[in-house]
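Trainee: One file is attached below, my_file-v7.cif, containing mmCIF, C-alpha atoms.
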```
data_final
#
loop_
_atom_site.label_atom_id
_atom_site.label_comp_id
_atom_site.auth_asym_id
_atom_site.auth_seq_id
_atom_site.Cartn_x
_atom_site.Cartn_y
_atom_site.Cartn_z
CA MET A 799 0.00 0.00 0.00
CA PHE A 800 2.83 2.36 0.81
CA LYS A 801 5.05 1.31 -2.06
CA GLY A 802 6.26 4.39 -3.88
CA LEU A 803 5.17 6.75 -1.11
CA SER A 804 8.33 8.78 -1.19
CA PHE A 805 8.68 11.97 0.78
CA GLN A 806 10.21 13.83 -2.15
CA LYS A 807 7.35 12.94 -4.47
CA HIS A 808 4.65 13.80 -1.96
CA LYS A 809 6.31 16.72 -0.20
CA LYS A 810 3.15 18.85 -0.46
CA ASP A 811 0.96 16.08 0.96
CA PHE A 812 3.27 15.49 3.92
CA PHE A 813 3.48 19.22 4.57
CA THR A 814 -0.33 19.49 4.67
CA LEU A 815 -0.49 16.42 6.93
CA PHE A 816 2.01 18.01 9.27
CA ILE A 817 0.01 21.27 9.43
CA LEU A 818 -3.34 19.54 10.00
CA VAL A 819 -1.97 17.12 12.60
CA ALA A 820 -0.23 20.01 14.38
CA LEU A 821 -3.48 21.98 14.38
CA SER A 822 -5.42 19.02 15.79
CA ILE A 823 -2.84 18.29 18.47
CA GLY A 824 -2.68 21.99 19.27
CA MET A 825 -6.44 22.04 19.88
CA LEU A 826 -6.24 18.87 21.99
CA VAL A 827 -3.46 20.24 24.17
CA TYR A 828 -5.06 23.69 24.39
CA THR A 829 -8.37 22.38 25.76
CA ALA A 830 -7.05 19.46 27.75
CA PHE A 831 -4.32 21.25 29.63
CA SER A 832 -5.21 24.96 29.70
CA ASP A 833 -7.45 26.95 32.00
CA ILE A 834 -8.09 29.76 29.52
CA SER A 835 -11.77 30.65 29.62
CA PHE A 836 -12.29 31.19 25.87
CA LYS A 837 -12.68 27.88 24.10
CA PRO A 838 -13.35 27.81 20.34
CA LYS A 839 -15.37 24.63 20.89
CA GLN A 840 -18.09 26.65 22.62
CA VAL A 841 -18.44 28.90 19.57
CA GLY A 842 -18.58 25.87 17.28
CA LEU A 843 -21.04 24.11 19.56
CA ASP A 844 -23.41 27.07 19.33
CA LEU A 845 -23.01 27.35 15.60
CA PHE A 846 -23.84 23.70 15.00
CA SER A 847 -26.61 23.71 17.60
CA LEU A 848 -28.43 26.38 15.55
CA ILE A 849 -28.44 24.02 12.55
CA GLN A 850 -29.39 21.06 14.74
CA ARG A 851 -32.21 23.11 16.28
CA GLY A 852 -33.49 23.97 12.81
CA ILE A 853 -33.49 20.35 11.67
CA VAL A 854 -35.17 19.08 14.85
CA ASN A 855 -37.86 21.79 14.70
CA THR A 856 -38.52 21.19 10.98
CA GLY A 857 -38.84 17.47 11.63
CA LYS A 858 -41.21 18.11 14.50
CA PHE A 859 -43.32 20.51 12.40
CA PHE A 860 -43.86 17.91 9.69
CA SER A 861 -44.57 15.05 12.05
CA GLN A 862 -46.96 17.21 14.10
CA THR A 863 -48.82 18.48 11.01
CA ALA A 864 -49.30 14.95 9.73
CA GLY A 865 -50.51 13.81 13.12
CA SER A 866 -52.88 16.75 13.72
CA ILE A 867 -55.77 15.32 11.64
CA SER A 868 -56.09 12.16 13.65
CA GLU A 869 -55.36 14.18 16.76
CA LEU A 870 -58.54 16.26 16.26
CA ARG A 871 -60.63 13.11 16.30
CA ASN A 872 -59.24 12.14 19.65
CA LEU A 873 -59.57 15.62 21.13
CA LYS A 874 -63.32 15.45 21.70
CA LYS A 875 -63.01 12.15 23.53
CA GLU A 876 -60.15 13.44 25.62
CA TYR A 877 -62.06 16.64 26.40
CA ASP A 878 -64.93 14.74 27.97
CA THR A 879 -62.58 12.55 29.96
CA LEU A 880 -60.64 15.58 31.13
CA LEU A 881 -63.79 17.32 32.35
CA LYS A 882 -64.47 14.39 34.62
CA GLU A 883 -60.88 14.30 35.80
CA TYR A 884 -60.99 18.06 36.40
CA ALA A 885 -63.79 17.65 38.89
CA GLU A 886 -61.77 14.99 40.69
CA TYR A 887 -58.67 17.21 40.73
CA GLN A 888 -60.63 20.10 42.21
CA GLN A 889 -61.42 17.88 45.13
CA MET A 890 -57.79 16.72 45.31
CA LYS A 891 -56.58 20.32 45.24
CA GLN A 892 -58.66 21.15 48.27
CA ASP A 893 -57.26 18.12 50.07
CA TYR A 894 -53.72 19.06 48.99
CA GLU A 895 -54.05 22.63 50.26
CA HIS A 896 -55.27 21.31 53.54
CA LEU A 897 -52.34 18.88 53.79
CA GLU A 898 -49.83 21.55 52.78
CA GLN A 899 -51.08 23.83 55.48
CA GLU A 900 -50.82 21.06 58.01
CA ASN A 901 -47.36 20.11 56.72
CA SER A 902 -45.99 23.64 56.95
CA MET A 903 -47.26 23.93 60.50
CA LEU A 904 -45.54 20.66 61.43
CA ARG A 905 -42.31 21.73 59.64
CA GLU A 906 -42.32 24.97 61.52
CA GLN A 907 -42.61 23.05 64.74
CA LEU A 908 -39.72 20.73 63.77
CA GLY A 909 -37.57 23.60 62.51
CA PHE A 910 -36.89 22.09 59.06
CA GLN A 911 -35.44 24.21 56.30
CA GLU A 912 -37.23 24.75 53.02
CA GLU A 913 -36.26 22.02 50.55
CA GLY A 914 -36.15 21.91 46.79
CA ALA A 915 -35.10 25.52 46.38
CA GLU A 916 -32.89 24.75 43.38
CA THR A 917 -33.94 26.09 39.98
CA LYS A 918 -34.78 23.59 37.30
CA ILE A 919 -33.98 24.76 33.79
CA PRO A 920 -36.08 22.88 31.21
CA ALA A 921 -34.31 21.87 28.01
CA MET A 922 -34.94 19.83 24.90
CA VAL A 923 -32.59 17.21 23.48
CA ILE A 924 -31.58 18.43 20.01
CA GLY A 925 -28.73 16.15 19.01
CA GLY A 926 -26.43 13.32 19.89
CA GLU A 927 -22.98 11.91 19.28
CA THR A 928 -21.78 11.38 15.76
CA ASN A 929 -19.52 8.50 16.73
CA ASN A 930 -19.95 5.52 19.00
CA PHE A 931 -17.00 6.25 21.27
CA PHE A 932 -18.97 8.46 23.64
CA LYS A 933 -22.65 8.74 24.54
CA SER A 934 -23.20 12.44 25.15
CA PHE A 935 -26.10 14.45 23.76
CA ILE A 936 -26.83 18.11 23.13
CA ILE A 937 -29.57 20.21 24.77
CA ASN A 938 -30.97 23.51 23.54
CA GLN A 939 -30.05 25.64 26.57
CA GLY A 940 -26.69 27.11 27.48
CA SER A 941 -25.02 29.76 29.58
CA ASN A 942 -27.68 32.28 28.49
CA LYS A 943 -30.10 30.42 30.78
CA GLY A 944 -27.59 30.10 33.59
CA ILE A 945 -26.35 26.60 32.82
CA LYS A 946 -22.84 25.86 34.03
CA LYS A 947 -20.46 22.95 33.67
CA ASP A 948 -21.01 19.99 36.04
CA MET A 949 -24.66 20.82 36.76
CA PRO A 950 -26.74 17.64 37.20
CA VAL A 951 -29.42 16.85 34.64
CA ILE A 952 -32.63 15.05 35.55
CA ALA A 953 -35.84 13.91 33.91
CA TYR A 954 -39.21 13.09 35.40
CA VAL A 955 -40.17 9.43 35.18
CA ASP A 956 -43.65 8.65 36.55
CA GLY A 957 -43.45 11.85 38.57
CA TYR A 958 -40.10 10.98 40.16
CA GLN A 959 -36.85 12.88 39.66
CA SER A 960 -34.48 10.53 37.86
CA LEU A 961 -30.85 11.20 37.10
CA VAL A 962 -29.95 11.63 33.43
CA GLY A 963 -26.33 12.78 33.71
CA LYS A 964 -24.41 16.00 33.98
CA VAL A 965 -23.43 18.96 31.85
CA VAL A 966 -19.87 18.60 30.52
CA GLU A 967 -19.66 21.43 28.00
CA VAL A 968 -21.52 24.74 27.89
CA GLY A 969 -22.00 27.07 24.95
CA ALA A 970 -24.08 30.26 24.94
CA LEU A 971 -27.12 28.58 23.38
CA SER A 972 -26.55 24.87 23.93
CA SER A 973 -24.80 22.39 26.20
CA VAL A 974 -23.39 18.88 26.01
CA VAL A 975 -24.72 16.39 28.56
CA LYS A 976 -22.92 13.18 29.48
CA PRO A 977 -25.48 10.51 30.48
CA ILE A 978 -25.11 8.03 33.36
CA THR A 979 -24.81 5.27 30.75
CA ASP A 980 -21.38 6.64 29.82
CA SER A 981 -18.60 4.71 31.53
CA THR A 982 -16.60 7.88 32.08
CA LEU A 983 -19.20 9.34 34.46
CA TYR A 984 -19.05 8.52 38.18
CA VAL A 985 -22.05 9.06 40.47
CA PRO A 986 -21.89 8.57 44.26
CA ALA A 987 -24.92 6.43 45.06
CA VAL A 988 -26.68 4.63 47.86
CA LEU A 989 -29.18 1.77 48.07
CA GLN A 990 -32.36 3.53 49.12
CA LYS A 991 -33.63 0.96 51.61
CA PHE A 992 -30.50 -0.39 53.32
CA ARG A 993 -28.28 2.70 52.80
CA TYR A 994 -25.21 0.86 51.49
CA ARG A 995 -23.01 3.28 49.58
CA GLY A 996 -21.24 2.75 46.25
CA LEU A 997 -20.16 4.41 43.05
CA VAL A 998 -22.24 4.14 39.89
CA ASN A 999 -20.15 4.10 36.72
CA GLY A 1000 -21.61 3.11 33.36
CA LEU A 1001 -24.69 1.53 34.98
CA VAL A 1002 -22.61 -0.60 37.35
CA MET A 1003 -22.55 0.16 41.07
CA ASP A 1004 -19.16 -0.73 42.52
CA PHE A 1005 -17.62 -0.69 45.99
CA VAL A 1006 -20.80 -1.87 47.76
CA SER A 1007 -19.92 -3.51 51.06
CA ARG A 1008 -20.01 -7.34 51.00
CA GLU A 1009 -22.13 -7.19 54.15
CA ALA A 1010 -24.97 -6.06 51.92
CA SER A 1011 -25.14 -9.40 50.08
CA SER A 1012 -27.53 -10.99 52.59
CA ARG A 1013 -29.88 -8.03 52.66
CA ILE A 1014 -30.14 -6.61 49.19
CA GLY A 1015 -31.77 -8.14 46.13
CA CYS A 1016 -32.73 -7.50 42.54
CA GLY A 1017 -35.21 -4.65 42.17
CA ASP A 1018 -33.80 -2.61 45.09
CA LEU A 1019 -33.74 1.09 44.32
CA VAL A 1020 -30.53 3.05 43.85
CA VAL A 1021 -30.48 6.81 44.49
CA THR A 1022 -27.81 9.50 44.54
CA SER A 1023 -26.10 9.76 47.93
CA GLY A 1024 -25.23 13.44 47.69
CA PHE A 1025 -21.72 12.49 48.86
CA ASN A 1026 -19.08 14.97 47.68
CA GLY A 1027 -21.75 17.42 46.51
CA SER A 1028 -21.50 16.53 42.84
CA TYR A 1029 -25.19 15.54 42.71
CA PRO A 1030 -28.04 16.35 45.09
CA GLU A 1031 -29.14 13.42 47.23
CA ASN A 1032 -32.13 11.12 46.73
CA ILE A 1033 -32.47 11.41 42.98
CA TYR A 1034 -33.43 8.06 41.50
CA ILE A 1035 -30.80 6.37 39.35
CA GLY A 1036 -32.30 2.96 38.74
CA LYS A 1037 -32.92 -0.43 40.24
CA VAL A 1038 -30.63 -3.38 40.86
CA LYS A 1039 -30.64 -5.79 37.93
CA SER A 1040 -28.03 -8.28 39.07
CA ILE A 1041 -25.53 -8.76 41.90
CA SER A 1042 -22.07 -10.20 41.49
CA GLY A 1043 -18.77 -10.30 43.34
CA LYS A 1044 -16.09 -12.91 43.80
CA GLU A 1045 -15.69 -14.45 47.24
CA TYR A 1046 -12.21 -13.07 47.83
CA GLU A 1047 -13.32 -9.51 46.99
CA THR A 1048 -14.36 -7.13 49.72
CA SER A 1049 -17.07 -5.41 47.72
CA LEU A 1050 -20.03 -6.28 45.52
CA ARG A 1051 -20.77 -5.21 41.97
CA LEU A 1052 -24.37 -4.36 41.14
CA GLU A 1053 -25.70 -3.97 37.63
CA ILE A 1054 -28.21 -1.13 37.44
CA GLU A 1055 -31.23 -0.74 35.19
CA PRO A 1056 -31.79 3.02 34.74
CA PHE A 1057 -35.17 4.63 35.34
CA VAL A 1058 -34.70 6.98 32.44
CA ASP A 1059 -35.48 5.52 29.05
CA PHE A 1060 -32.58 7.00 27.10
CA PHE A 1061 -34.12 5.72 23.87
CA ARG A 1062 -37.04 8.13 24.21
CA LEU A 1063 -35.51 11.02 26.11
CA GLU A 1064 -36.81 14.32 24.73
CA TYR A 1065 -37.00 16.79 27.61
CA VAL A 1066 -34.72 17.19 30.60
CA PHE A 1067 -34.17 19.60 33.51
CA VAL A 1068 -30.83 21.06 34.50
CA LEU A 1069 -30.50 21.61 38.24
CA ALA A 1070 -29.01 25.08 38.56
CA GLY A 1071 -27.09 25.79 41.71
CA GLU A 1072 -26.16 22.12 42.11
CA GLY A 1073 -23.20 20.01 41.14
CA LYS A 1074 -19.46 20.27 41.14
CA ASN A 1075 -16.67 18.37 39.45
CA GLU A 1076 -16.44 14.91 41.01
CA ASN A 1077 -12.72 14.85 40.35
CA MET B 241 -17.29 17.19 -12.71
CA LYS B 242 -14.24 19.39 -12.10
CA THR B 243 -11.90 18.32 -9.32
CA LYS B 244 -12.32 21.49 -7.26
CA GLU B 245 -16.08 21.46 -7.70
CA SER B 246 -16.41 17.84 -6.64
CA PHE B 247 -14.11 18.44 -3.67
CA PHE B 248 -16.31 21.25 -2.34
CA ILE B 249 -19.44 19.19 -2.92
CA SER B 250 -17.83 16.30 -1.04
CA LEU B 251 -16.96 18.69 1.78
CA LEU B 252 -20.55 19.91 1.91
CA LEU B 253 -21.81 16.33 1.84
CA VAL B 254 -19.56 15.39 4.75
CA PHE B 255 -20.88 18.36 6.79
CA ILE B 256 -24.48 17.45 6.00
CA LEU B 257 -23.84 13.82 6.97
CA VAL B 258 -22.25 14.84 10.29
CA ILE B 259 -25.27 17.02 11.13
CA LEU B 260 -27.72 14.32 10.06
CA GLN B 261 -25.84 11.73 12.11
CA SER B 262 -26.25 13.92 15.17
CA THR B 263 -29.88 14.94 14.60
CA LEU B 264 -32.20 12.94 12.34
CA PHE B 265 -30.46 9.57 12.62
CA TYR B 266 -30.09 10.15 16.35
CA ALA B 267 -33.82 10.95 16.66
CA ILE B 268 -34.85 7.93 14.59
CA ILE B 269 -32.51 5.46 16.25
CA PRO B 270 -31.41 7.09 19.53
CA ASN B 271 -28.68 5.39 21.54
CA VAL B 272 -28.39 2.70 18.92
CA VAL B 273 -25.22 2.37 16.90
CA ILE B 274 -25.16 4.82 14.00
CA PRO B 275 -22.87 4.06 11.06
CA ASP B 276 -20.22 6.69 10.38
CA PHE B 277 -21.39 7.69 6.88
CA ALA B 278 -19.11 10.73 6.83
CA LEU B 279 -16.08 8.51 7.45
CA ILE B 280 -17.07 6.26 4.54
CA VAL B 281 -17.35 9.27 2.21
CA VAL B 282 -13.99 10.63 3.39
CA ALA B 283 -12.31 7.25 2.89
CA PHE B 284 -13.65 6.71 -0.63
CA CYS B 285 -12.92 10.29 -1.73
CA ALA B 286 -9.40 10.00 -0.32
CA ALA B 287 -8.77 6.64 -1.96
CA ARG B 288 -9.86 7.93 -5.32
CA ARG B 289 -8.62 11.51 -5.23
CA GLY B 290 -5.47 11.21 -3.15
CA MET B 291 -3.88 12.15 0.14
CA GLN B 292 -4.17 15.92 -0.17
CA GLU B 293 -7.94 16.04 -0.58
CA GLY B 294 -8.46 13.06 1.72
CA GLN B 295 -6.72 14.59 4.69
CA ILE B 296 -8.40 18.00 4.26
CA LEU B 297 -11.83 16.35 4.00
CA GLY B 298 -10.97 14.22 7.02
CA PHE B 299 -9.80 17.21 9.03
CA PHE B 300 -13.02 19.16 8.47
CA ASN B 301 -15.14 16.06 9.08
CA GLY B 302 -13.38 15.54 12.41
CA LEU B 303 -13.53 19.21 13.32
CA ALA B 304 -17.30 19.29 12.77
CA GLU B 305 -17.68 16.23 15.00
CA ASP B 306 -15.45 17.73 17.65
CA PHE B 307 -17.80 20.68 18.02
CA MET B 308 -20.74 18.39 18.62
CA THR B 309 -19.35 15.77 20.95
CA ALA B 310 -18.13 15.53 24.51
CA SER B 311 -14.63 14.67 23.36
CA PHE B 312 -11.78 17.12 23.41
CA PRO B 313 -11.58 19.37 20.31
CA GLY B 314 -8.95 18.03 17.98
CA PHE B 315 -9.62 14.39 18.87
CA ASN B 316 -11.78 13.53 15.86
CA ALA B 317 -9.95 16.02 13.64
CA LEU B 318 -6.65 14.23 14.28
CA ILE B 319 -8.11 10.76 13.71
CA LYS B 320 -9.94 11.66 10.52
CA THR B 321 -6.98 13.62 9.09
CA ILE B 322 -4.72 10.60 9.46
CA ILE B 323 -7.40 8.30 8.01
CA GLY B 324 -7.84 10.65 5.03
CA PHE B 325 -4.08 10.65 4.48
CA LEU B 326 -3.68 6.87 4.78
CA ALA B 327 -6.70 6.14 2.57
CA GLY B 328 -5.25 8.56 0.01
CA THR B 329 -2.10 6.49 -0.28
CA ILE B 330 -3.95 3.79 -2.24
CA LYS B 331 -4.91 6.18 -5.04
CA ASN B 332 -4.17 4.53 -8.38
CA LYS B 333 -2.67 1.50 -6.66
CA MET B 334 -5.64 -0.78 -6.18
CA LEU B 335 -8.30 -2.24 -8.36
CA PHE B 336 -11.58 -2.90 -6.74
CA ASP B 337 -14.94 -4.32 -7.56
CA PRO B 338 -18.16 -2.54 -6.51
CA VAL B 339 -18.93 -4.83 -3.54
CA ILE B 340 -16.20 -6.90 -1.90
CA PHE B 341 -13.35 -4.39 -1.94
CA PRO B 342 -15.44 -1.46 -0.59
CA ILE B 343 -16.57 -3.72 2.28
CA LEU B 344 -13.01 -4.80 3.11
CA PHE B 345 -11.63 -1.31 2.64
CA ILE B 346 -14.13 0.33 5.00
CA PHE B 347 -13.75 -2.55 7.46
CA PHE B 348 -10.03 -1.75 7.77
CA VAL B 349 -10.61 2.02 7.75
CA THR B 350 -13.01 1.69 10.72
CA LEU B 351 -10.54 -0.56 12.52
CA VAL B 352 -7.85 2.07 12.00
CA LYS B 353 -10.25 4.70 13.35
CA GLY B 354 -10.65 2.64 16.55
CA ALA B 355 -6.92 2.10 16.90
CA LEU B 356 -6.17 5.80 16.38
CA ALA B 357 -8.90 6.77 18.87
CA ALA B 358 -7.37 4.46 21.49
CA VAL B 359 -3.84 5.77 20.95
CA THR B 360 -4.93 9.45 20.87
CA ALA B 361 -7.02 9.06 24.02
CA TYR B 362 -4.17 7.21 25.78
CA ILE B 363 -1.76 10.07 25.02
CA PHE B 364 -3.98 13.13 25.46
CA PHE B 365 -7.02 12.30 27.59
CA PRO B 366 -7.05 12.44 31.37
CA GLU B 367 -7.55 9.13 33.18
CA GLY B 368 -11.14 7.91 33.07
CA TYR B 369 -11.95 9.48 29.70
CA PHE B 370 -11.12 6.52 27.52
CA PRO B 371 -13.41 6.21 24.46
CA ALA B 372 -15.50 3.04 24.09
CA VAL B 373 -13.20 1.44 21.52
CA PHE B 374 -13.43 -2.03 23.05
CA SER B 375 -17.21 -2.07 23.15
CA SER B 376 -19.99 -3.91 21.39
CA SER B 377 -21.23 -0.61 19.93
CA PHE B 378 -17.92 0.01 18.16
CA LEU B 379 -17.88 -3.58 16.93
CA MET B 380 -21.35 -2.98 15.56
CA GLU B 381 -20.15 0.23 13.91
CA ILE B 382 -17.41 -1.71 12.11
CA VAL B 383 -20.03 -4.14 10.77
CA LEU B 384 -22.53 -1.42 9.79
CA ASN B 385 -19.91 0.77 8.11
CA SER B 386 -18.71 -2.22 6.08
CA LEU B 387 -22.25 -3.16 5.04
CA PHE B 388 -23.13 0.37 3.95
CA ALA B 389 -19.84 0.81 2.08
CA PRO B 390 -20.93 -0.65 -1.32
CA LEU B 391 -24.09 1.48 -1.35
CA ILE B 392 -22.23 4.71 -0.58
CA TYR B 393 -19.52 3.78 -3.07
CA LEU B 394 -22.20 3.34 -5.73
CA ILE B 395 -23.86 6.68 -4.86
CA LEU B 396 -20.52 8.51 -4.96
CA LYS B 397 -19.75 6.98 -8.34
CA LYS B 398 -23.18 7.74 -9.80
CA THR B 399 -23.00 11.35 -8.61
CA HIS B 400 -19.44 11.63 -9.99
CA LEU B 401 -18.08 12.68 -6.61
CA ILE B 402 -15.47 10.01 -7.22
CA PRO B 403 -14.31 9.35 -10.79
CA ASN B 404 -16.40 6.81 -12.62
CA ASP B 405 -13.59 5.02 -14.44
CA ILE B 406 -12.08 1.70 -13.43
CA TRP B 407 -10.47 1.78 -10.04
CA GLY B 408 -6.77 2.15 -10.46
CA GLY B 409 -7.04 3.70 -13.90
CA LYS B 410 -5.07 6.86 -14.57
#
```
Can you turn what I pasted into structure tokens?
Mentor:
Amino acid sequence: MFKGLSFQKHKKDFFTLFILVALSIGMLVYTAFSDISFKPKQVGLDLFSLIQRGIVNTGKFFSQTAGSISELRNLKKEYDTLLKEYAEYQQMKQDYEHLEQENSMLREQLGFQEEGAETKIPAMVIGGETNNFFKSFIINQGSNKGIKKDMPVIAYVDGYQSLVGKVVEVGALSSVVKPITDSTLYVPAVLQKFRYRGLVNGLVMDFVSREASSRIGCGDLVVTSGFNGSYPENIYIGKVKSISGKEYETSLRLEIEPFVDFFRLEYVFVLAGEGKNEN
Amino acid sequence: MKTKESFFISLLLVFILVILQSTLFYAIIPNVVIPDFALIVVAFCAARRGMQEGQILGFFNGLAEDFMTASFPGFNALIKTIIGFLAGTIKNKMLFDPVIFPILFIFFVTLVKGALAAVTAYIFFPEGYFPAVFSSSFLMEIVLNSLFAPLIYLILKKTHLIPNDIWGGK
């Protein structure tokens, strides 16, 4: 294949190769080892996110227009059902207000602080990885909405806050999110019921005490522990799928099934005011 | 088609493919292995038109990917530049049929991509940031890229983005 590939004959080609490789390595070194705040990647990320946004919105427009005819048929049915549900919710609202009042009185008596004060920034998934080496995806909100690097990202699954991942790159109009399925992301976690701690990495929970083997089982819930402050505590990660660990090892290895269906993830929430680099 | 003209069209095609890979294909088949169509185009264009055009196409393909991924900028640009250069070295040296050789060629090109990714990450990435080179998804990408290769080769030939004469002919 390389027969006749002489330097003299292909001087121009080698020179171009040298320039391009030097440029690439320069970029790699610049971003990997420098603390300079301006990063050309952020500019590029925004530029491409505008195109990605356009394509996603165009796709949505067409699919929604095509679906709107059949949707109208279902609307009447849904309207009647909703009227009934509305009456039920009115009753529930009254009950809820009553409970909230009672709850705040009890909290006051116990001296608890107000919880859940963090801001949730809603965002839409507009793109994903172009190669299969990493599993990150792009959302349509960036520093203009107050998003910062290392902020945790969640989604609501059946009304529960479930961990999606964390922000790893922020542009002005878009951000890159690394999901918990990526093996380069580490999440301090705890088994919700028996409180055994561990570290979730690529949907495997490691470093769980061997003592836990007699108490835990498949289906047990795993939540964030809040340890080290990188993620707020008690956000659902998933449930135990399998337990393994050799006899001579001091810890167990749990395989986790995530709550979030990453195949259908469309909307997420970035938890502003939370998160820090776990390193 | 003139050389310059076809080069710029190829460049545009690569950009479009990168954006489609990250949006439409991602929306249709999220979190499932997506073939690297842009890589296939770069490899064929390089093999037919030489090292110079191959490495420039590869560089811009990689650069576009770098802006849209969680990897460090320069990572994909470096890999694709080298692939473009290496694929360009076979210009006028090989004769290949429309099916078997494209499959084998892209199979090896994707393998080289994996090897380069591993080496680059080992040298430049901090610990814990190693790309999923030894994963089932990359293995699947090798298979998918190889299977799509004859189709893309045919499209490139029909659209005259790569010369239509016999492979290896001057």
Trainee: Suppose you want the space between atom CA of B:Gln261 and atom CA of A:Phe1057; what is it in Å?
Mentor: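 These two atoms are separated by 26.0 Å.
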Trainee: Let me know the residues the PyMOL selection byres ((chain B and resi 316) around 9) catches in the file above, as a ChimeraX atom specification.
Mentor: /A:822 /B:298-299,301-306,311-315,317-321,357
Trainee: Apply the PyMOL selection byres ((chain B and resi 341) around 12) to the displayed file and report the matching residues as a list in words.
Mentor: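 When the PyMOL selection byres ((chain B and resi 341) around 12) is applied, the selected residues are Phe284, Ala287, Met334, Leu335, Phe336, Asp337, Pro338, Val339, Ile340, Pro342, Ile343, Leu344, Phe345, Ile346, Phe347, Phe348, Val349, Ser386, Leu387, Ala389, Pro390, Tyr393 and Trp407 of chain B.
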Trainee: Can you tell me, as a list in words, what residues are no more than 9 Å from B:Ile296 when counting all atoms listed in the file, ignoring any on the same chain fewer than 6 positions away?
Mentor: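 Non-adjacent residues within range: Thr814, Leu815 and Leu818 of chain A; Leu251, Thr321, Gly324 and Phe325 of chain B.
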Trainee: Quick one: distance from atom CA of A:Ser847 to atom CA of B:Leu351 in Å, one decimal?
Mentor: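 For atom CA of A:Ser847 relative to atom CA of B:Leu351, the distance reads 29.5 Å.
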Trainee: In Å, rounded to a single decimal, give me how far atom CA of B:His400 is from atom CA of B:Lys333.
Mentor: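 One can read the atom CA of B:Lys333 to atom CA of B:His400 distance as 19.9 Å.
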Trainee: Can you write out as JSON lines which residues of stretch 977-1016 of chain A fall within 10 Å of stretch 372-384 of chain B, alongside each residue's closest atom pair and its distance in Å to one decimal, counting only C-alpha atoms and ordering rows by chain and ascending residue number?
Mentor:
```
{"residue": "A:Asp980", "atom": "CA", "partner": "B:Ala372", "partner_atom": "CA", "distance": 9.0}
{"residue": "A:Ser981", "atom": "CA", "partner": "B:Ala372", "partner_atom": "CA", "distance": 8.2}
{"residue": "A:Thr982", "atom": "CA", "partner": "B:Ala372", "partner_atom": "CA", "distance": 9.4}
```
Trainee: Just so the selection is clear, what residues does the PyMOL selection byres ((chain A and resi 1030-1044) around 8) cover here, as a ChimeraX atom specification?
Mentor: /A:958-962,990,1015-1025,1027-1029,1045-1047,1049-1058,1072-1073
Trainee: Determine, counting only C-alpha atoms, which protein, DNA and RNA residues have an atom within 6 Å of an atom of stretch 934-943 of chain A; residues of the same chain fewer than 3 positions away are not included. Present the result as a compact mmCIF listing (two decimals) with C-alpha atoms, in the coordinates of the input.
Mentor:
```txt
# COMPACT_ATOMS: atom_id res chain seq x y z
CA ALA A 921 -34.31 21.87 28.01
CA MET A 922 -34.94 19.83 24.90
CA VAL A 923 -32.59 17.21 23.48
CA ILE A 924 -31.58 18.43 20.01
CA GLY A 925 -28.73 16.15 19.01
CA GLY A 926 -26.43 13.32 19.89
CA GLU A 927 -22.98 11.91 19.28
CA VAL A 968 -21.52 24.74 27.89
CA GLY A 969 -22.00 27.07 24.95
CA ALA A 970 -24.08 30.26 24.94
CA LEU A 971 -27.12 28.58 23.38
CA SER A 972 -26.55 24.87 23.93
CA SER A 973 -24.80 22.39 26.20
CA VAL A 974 -23.39 18.88 26.01
CA VAL A 975 -24.72 16.39 28.56
CA LYS A 976 -22.92 13.18 29.48
CA ALA B 310 -18.13 15.53 24.51
```
Trainee: Would you mind telling me which residue in B:Ile330, B:Leu257, B:Ala286, B:Val352 lies nearest to chain A when using only C-alpha atoms?
Mentor: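 Of B:Ile330, B:Leu257, B:Ala286, B:Val352, the one nearest chain A is B:Ile330, counting only C-alpha atoms.
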Trainee: Return the single residue from B:Arg288, B:Asp276, B:Phe265, B:Ala361 that is closest to B:Ile402, with distances computed using only C-alpha atoms.
Mentor: B:Arg288
Trainee: Give, as JSON, the centre coordinates and the x, y and z edge lengths in Å to one decimal for an axis-aligned box around all listed atoms of stretch 336-350 of chain B, padded by 4 Å on each side.
Mentor:
```
{"center_x": -14.5, "center_y": -2.4, "center_z": 1.6, "size_x": 16.9, "size_y": 16.9, "size_z": 26.3}
```
Trainee: Which residue, B:Leu253, B:Phe277, B:Ile363, B:Pro403, has the smallest gap to B:Lys331 when you use all atoms listed in the file?
Mentor: B:Pro403
Trainee: List the residues sitting within 10 Å of (-20.8, 13.3, 3.4) in the file's frame, using all atoms listed in the file, as a ChimeraX atom specification.
Mentor: /B:249-260,276-282,285,297,301,392,396
Trainee: For the residues in that selection, give me C-alpha atoms as a short mmCIF file (atom, residue, chain, number, x, y, z; two decimals), keeping the file's coordinate frame.
Mentor:
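This went into out14.cif:
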```
data_model
loop_
_atom_site.label_atom_id
_atom_site.label_comp_id
_atom_site.auth_asym_id
_atom_site.auth_seq_id
_atom_site.Cartn_x
_atom_site.Cartn_y
_atom_site.Cartn_z
CA ILE B 249 -19.44 19.19 -2.92
CA SER B 250 -17.83 16.30 -1.04
CA LEU B 251 -16.96 18.69 1.78
CA LEU B 252 -20.55 19.91 1.91
CA LEU B 253 -21.81 16.33 1.84
CA VAL B 254 -19.56 15.39 4.75
CA PHE B 255 -20.88 18.36 6.79
CA ILE B 256 -24.48 17.45 6.00
CA LEU B 257 -23.84 13.82 6.97
CA VAL B 258 -22.25 14.84 10.29
CA ILE B 259 -25.27 17.02 11.13
CA LEU B 260 -27.72 14.32 10.06
CA ASP B 276 -20.22 6.69 10.38
CA PHE B 277 -21.39 7.69 6.88
CA ALA B 278 -19.11 10.73 6.83
CA LEU B 279 -16.08 8.51 7.45
CA ILE B 280 -17.07 6.26 4.54
CA VAL B 281 -17.35 9.27 2.21
CA VAL B 282 -13.99 10.63 3.39
CA CYS B 285 -12.92 10.29 -1.73
CA LEU B 297 -11.83 16.35 4.00
CA ASN B 301 -15.14 16.06 9.08
CA ILE B 392 -22.23 4.71 -0.58
CA LEU B 396 -20.52 8.51 -4.96
#
```
